[in-house]
Amino acid sequence: AITRHYKFDVMLQNVTRLCHTRSMVTVNGKFPGPRIVAREGDRLVIRVVNHVQNNISIHWHGIRQLRSGWADGPAYVTQCPIQTGQSYVYNYTIVGQRGTLWWHAHISWLRSTLHGPIILLPKLGTPYPFAKPYKEVPIIFGEWFNADPEAIISQAMQTGGGPNVSDAYTINGLPGPLYNCSAKDTFKLKVKPGKTYLLRMINAALNDELFFSIANHTVTVVDVDAVYVKPFDAETLLITPGQTTNVLLKTKPDYPNAQFFMSARPYATGQGTFDNSTVAGILEYEVPNKTSQSNHSTKKLPLYKPNLPPLNDTSFATNFSSKLRSLASADFPANVPQKVDRQFFFTVGLGTNPCSKNQTCQGPNGTRFAASVNNVSFVMPTTALLQAHHFGQSRGVYSPYFPISPLIPFNYTGTPPNNTMVSNGTKLVVLPFNTSVELIMQGTSILGAESHPLHLHGFNFFVVGQGFGNFDPSKDPANFNLVDPVERNTVGVPSGGWVAIRFLADNPGVWFMHCHLEVHTSWGLKMAWVVLDGKLPNQKLLPPPADLPKC
Ligand code: C2O
């Protein structure tokens, strides 16, 4: 294992897409941002320097951060933001993870332009549990806004209404030929026939779950969220914001003399507005020899387009996620907690907050949109939760009494109640070290009927069960999979349904959990867990680094 150093200069850069140029916050002037490569066991030392007017923090999405919670990154959760002219060194080790993860800004909506891949290779000499691919290709899905996303969300928060949607989806920063003034900004993947490519796919879009498909090609899913899965073939994938998926793409043995669209567009079940457009990249087979090349440069190749499922195809989504299983092999066991110390039931969904006097709000019935967990819409503190916890100064910063079930239970998937108001607060759940947790997340249909990709920091969890309607504690647990459930860090809680996860709270610190649809995070669909230190020295959070930013 080695130490790898990176420097992230956060700076403005002019970027043009769809004939609109805007100055955006980037890392090192790149959009999407630079990739980080490490092997399992390596230490990463990443110095982030803030040269812009915005406050910044960077999160390493999916990295376990064992005992190194100071490097996790969500602003006001594990650190105060890095202010203009300041810097902070994120220092952590990759423990037991290989696959694809990603990094992104974790403050306001800056992650729309501040994100990039984290490629985690196995230890030197350790092969993949599948044939070595000929080439590896990161594929990041994002959203392009002609306007500044920071202005979009700040306006939405002021008016209480829904924010403007994006103008395009992107593959590796490029919207592709289906948008106006965009044909030259098309991601093209040139491949050789008869080879296997490992596509490392990341959904970095702000607000949309995406279907993805390559015309006339089937891919094999081998890994999600940096955990190997039992391989299965798929023509279409579903990736929620926050999730990563590694697939093997076998190119056809004979040169097909064609171009193939690789397209993505949203999976959307809600009634809200969203960007209903399609991004396309092109898979193009290399021409085998020079003679035919000259032929081809003049001839237009036939173009094949994939069929993507209908926008609200929840049965596709359910069927796809039910195929995901841990490898659960001797080399890669699935350590599913078999016993449960604490069980929690959380409702997740949208609601409203009252409009302040003398204001007209653009949310439902003149209210403001809000979102909540167990009817608590999370209020960000003005100082970091981890410091408050670590230095014994939680008083006035957060309450350790998160309601462990909804205060007023109702039929979550039936007729919505008349009262859509949520409460507001900064409430956390406190867990002793090594608590084995089972969490049922129940989607509500109080407002909208959306699927929520819930992301937990600091842990992977096992998705032991999933279903539609209201979770039934007398029946549903009998069907839980405790043998080979998929292990991941972000899971879609289905619209009108529930998901059951289990994790072992073996990582001391304060860990954020939130919907990875950025607008829902802004509205308060978030909370945090405090995991106390264990008794042994190697069960304690490491001391904070000297350069930890101050608020
Ligand atoms: Cu990818 Cu808390 O985020």
# chains A, B, ... in the order shown; residues from 1 in each chain; ligands from 1
$ closest_atom_pairs --of "chain A" --to "ligand 1" --cutoff "8 Å" --atoms "only C-alpha atoms and all ligand atoms" --output "tab-separated table"
residue	atom	partner	partner_atom_place_in_ligand_line	distance
A:His59	CA	ligand 1	3 (O)	6.6
A:Trp60	CA	ligand 1	1 (Cu)	7.4
A:His61	CA	ligand 1	1 (Cu)	4.7
A:Gly62	CA	ligand 1	1 (Cu)	7.4
A:Pro74	CA	ligand 1	2 (Cu)	6.2
A:Trp102	CA	ligand 1	1 (Cu)	7.9
A:Trp103	CA	ligand 1	1 (Cu)	7.4
A:His104	CA	ligand 1	1 (Cu)	6.6
A:His106	CA	ligand 1	2 (Cu)	6.5
A:Pro241	CA	ligand 1	1 (Cu)	7.8
A:Gly242	CA	ligand 1	1 (Cu)	5.1
A:His455	CA	ligand 1	3 (O)	6.5
A:Leu456	CA	ligand 1	2 (Cu)	7.2
A:His457	CA	ligand 1	2 (Cu)	6.3
A:Phe512	CA	ligand 1	2 (Cu)	6.3
A:Met513	CA	ligand 1	2 (Cu)	6.7
A:His514	CA	ligand 1	2 (Cu)	6.4
A:His516	CA	ligand 1	3 (O)	6.5
$ residues_around --residues "Val493 of chain A" --least-positions-apart "2" --cutoff "10 Å" --atoms "only C-alpha atoms" --output "PyMOL selection string"
chain A and resi 348-349+440-444+450-454+466-468+490-491+495-500+515
$ write_last_selection --atoms "N, CA and C atoms" --output "CSV table (one decimal), in the first residue's frame"
chain,number,residue,atom,x,y,z
A,348,VAL,N,-40.1,8.4,4.9
A,348,VAL,CA,-39.4,9.4,4.1
A,348,VAL,C,-40.4,10.0,3.1
A,349,GLY,N,-40.4,11.3,3.0
A,349,GLY,CA,-41.3,11.9,2.0
A,349,GLY,C,-41.4,13.4,2.0
A,440,ILE,N,-36.2,0.3,8.7
A,440,ILE,CA,-37.2,0.2,7.6
A,440,ILE,C,-37.5,1.6,7.2
A,441,MET,N,-37.3,1.8,5.9
A,441,MET,CA,-37.6,3.2,5.3
A,441,MET,C,-38.9,3.0,4.5
A,442,GLN,N,-39.9,3.8,5.0
A,442,GLN,CA,-41.2,3.7,4.3
A,442,GLN,C,-41.5,5.0,3.5
A,443,GLY,N,-41.7,4.8,2.2
A,443,GLY,CA,-42.0,6.0,1.4
A,443,GLY,C,-43.4,6.4,1.7
A,444,THR,N,-43.7,7.7,1.8
A,444,THR,CA,-45.1,8.2,2.0
A,444,THR,C,-45.5,8.9,0.7
A,450,GLU,N,-42.9,10.0,-5.1
A,450,GLU,CA,-41.5,9.9,-5.7
A,450,GLU,C,-40.7,8.8,-4.9
A,451,SER,N,-39.9,8.2,-5.7
A,451,SER,CA,-38.9,7.3,-5.1
A,451,SER,C,-37.7,8.1,-4.6
A,452,HIS,N,-37.2,7.7,-3.4
A,452,HIS,CA,-36.2,8.5,-2.8
A,452,HIS,C,-34.9,7.7,-2.7
A,453,PRO,N,-33.8,8.1,-3.4
A,453,PRO,CA,-32.5,7.4,-3.2
A,453,PRO,C,-31.9,7.8,-1.9
A,454,LEU,N,-32.0,7.0,-0.8
A,454,LEU,CA,-31.4,7.3,0.5
A,454,LEU,C,-30.0,6.9,0.5
A,466,GLN,N,-37.6,-5.5,0.6
A,466,GLN,CA,-38.2,-4.4,-0.2
A,466,GLN,C,-39.6,-4.8,-0.6
A,467,GLY,N,-40.5,-3.8,-0.6
A,467,GLY,CA,-41.9,-4.2,-0.9
A,467,GLY,C,-42.8,-3.0,-1.2
A,468,PHE,N,-44.0,-3.3,-1.6
A,468,PHE,CA,-44.9,-2.2,-1.9
A,468,PHE,C,-46.0,-2.1,-0.9
A,490,THR,N,-26.3,3.5,-1.2
A,490,THR,CA,-27.5,4.3,-1.6
A,490,THR,C,-28.6,3.4,-2.1
A,491,VAL,N,-29.8,3.5,-1.6
A,491,VAL,CA,-30.8,2.6,-2.1
A,491,VAL,C,-32.1,3.4,-2.4
A,495,SER,N,-41.4,4.5,-4.5
A,495,SER,CA,-42.6,5.3,-4.3
A,495,SER,C,-43.8,4.4,-4.0
A,496,GLY,N,-44.5,4.6,-2.9
A,496,GLY,CA,-45.5,3.8,-2.4
A,496,GLY,C,-45.0,2.4,-1.9
A,497,GLY,N,-43.8,2.4,-1.4
A,497,GLY,CA,-43.3,1.2,-0.8
A,497,GLY,C,-42.2,1.4,0.2
A,498,TRP,N,-41.5,0.3,0.6
A,498,TRP,CA,-40.5,0.4,1.7
A,498,TRP,C,-39.3,-0.4,1.3
A,499,VAL,N,-38.2,-0.1,2.1
A,499,VAL,CA,-37.0,-0.9,2.0
A,499,VAL,C,-36.5,-1.2,3.4
A,500,ALA,N,-36.0,-2.3,3.6
A,500,ALA,CA,-35.4,-2.7,4.9
A,500,ALA,C,-33.9,-2.9,4.7
A,515,CYS,N,-31.7,11.9,1.4
A,515,CYS,CA,-32.1,11.6,0.0
A,515,CYS,C,-31.1,12.3,-0.9
$ select_by_dssp --residues "segment 289-505 of chain A" --states "alpha helix (DSSP H)" --output "ChimeraX atom specification"
/A:290-298,314-322,385-390
$ write_last_selection --atoms "N, CA and C atoms" --output "compact mmCIF listing (two decimals), in the first residue's frame"
# COMPACT_ATOMS: atom_id res chain seq x y z
N LYS A 290 -6.75 0.37 -42.54
CA LYS A 290 -6.68 1.69 -43.17
C LYS A 290 -7.61 1.84 -44.37
N THR A 291 -7.61 0.81 -45.25
CA THR A 291 -8.39 0.91 -46.48
C THR A 291 -9.85 1.22 -46.19
N SER A 292 -10.41 0.43 -45.25
CA SER A 292 -11.83 0.66 -44.99
C SER A 292 -12.03 1.98 -44.27
N GLN A 293 -11.00 2.44 -43.54
CA GLN A 293 -11.12 3.72 -42.84
C GLN A 293 -11.44 4.84 -43.83
N SER A 294 -10.71 4.84 -44.93
CA SER A 294 -10.94 5.92 -45.89
C SER A 294 -12.36 5.84 -46.45
N ASN A 295 -12.85 4.58 -46.61
CA ASN A 295 -14.24 4.41 -47.03
C ASN A 295 -15.19 5.07 -46.06
N HIS A 296 -14.90 4.80 -44.74
CA HIS A 296 -15.86 5.18 -43.72
C HIS A 296 -15.90 6.67 -43.44
N SER A 297 -14.75 7.31 -43.60
CA SER A 297 -14.75 8.73 -43.28
C SER A 297 -15.69 9.49 -44.21
N THR A 298 -15.96 8.92 -45.36
CA THR A 298 -16.86 9.61 -46.27
C THR A 298 -18.29 9.09 -46.13
N THR A 314 -42.05 1.57 -12.78
CA THR A 314 -41.64 1.10 -11.47
C THR A 314 -41.43 -0.41 -11.45
N SER A 315 -42.18 -1.14 -12.27
CA SER A 315 -41.96 -2.59 -12.25
C SER A 315 -40.59 -2.93 -12.82
N PHE A 316 -40.12 -2.17 -13.81
CA PHE A 316 -38.74 -2.38 -14.27
C PHE A 316 -37.77 -2.10 -13.13
N ALA A 317 -37.99 -0.97 -12.44
CA ALA A 317 -37.09 -0.58 -11.36
C ALA A 317 -37.02 -1.66 -10.28
N THR A 318 -38.19 -2.19 -9.91
CA THR A 318 -38.25 -3.21 -8.86
C THR A 318 -37.56 -4.48 -9.31
N ASN A 319 -37.85 -4.88 -10.54
CA ASN A 319 -37.27 -6.10 -11.07
C ASN A 319 -35.74 -5.97 -11.15
N PHE A 320 -35.26 -4.80 -11.60
CA PHE A 320 -33.83 -4.61 -11.71
C PHE A 320 -33.17 -4.69 -10.34
N SER A 321 -33.73 -3.99 -9.33
CA SER A 321 -33.04 -4.01 -8.03
C SER A 321 -33.14 -5.38 -7.37
N SER A 322 -34.18 -6.17 -7.72
CA SER A 322 -34.27 -7.50 -7.09
C SER A 322 -33.22 -8.45 -7.65
N LEU A 385 -21.62 19.24 13.36
CA LEU A 385 -22.14 18.28 14.34
C LEU A 385 -21.03 17.41 14.93
N LEU A 386 -20.08 17.00 14.11
CA LEU A 386 -19.02 16.10 14.61
C LEU A 386 -18.18 16.77 15.69
N GLN A 387 -17.81 18.03 15.47
CA GLN A 387 -17.06 18.77 16.50
C GLN A 387 -17.89 18.88 17.77
N ALA A 388 -19.17 19.25 17.60
CA ALA A 388 -20.04 19.42 18.77
C ALA A 388 -20.08 18.12 19.57
N HIS A 389 -20.20 17.00 18.87
CA HIS A 389 -20.23 15.70 19.54
C HIS A 389 -18.88 15.39 20.19
N HIS A 390 -17.81 15.52 19.42
CA HIS A 390 -16.49 15.11 19.88
C HIS A 390 -16.00 15.92 21.07
$ residues_around --residues "segment 118-132 of chain A" --least-positions-apart "2" --cutoff "6 Å" --atoms "only C-alpha atoms" --output "MDAnalysis selection string"
chainID A and resid 35:40 98:102
$ closest_atom_pairs --of "segment 243-325 of chain A" --to "segment 519-527 of chain A" --cutoff "12 Å" --atoms "only C-alpha atoms" --output "Markdown table"
| residue | atom | partner | partner_atom | distance |
| --- | --- | --- | --- | --- |
| A:Gly272 | CA | A:Val519 | CA | 11.5 |
| A:Thr273 | CA | A:Val519 | CA | 11.9 |
| A:Phe274 | CA | A:Val519 | CA | 11.3 |
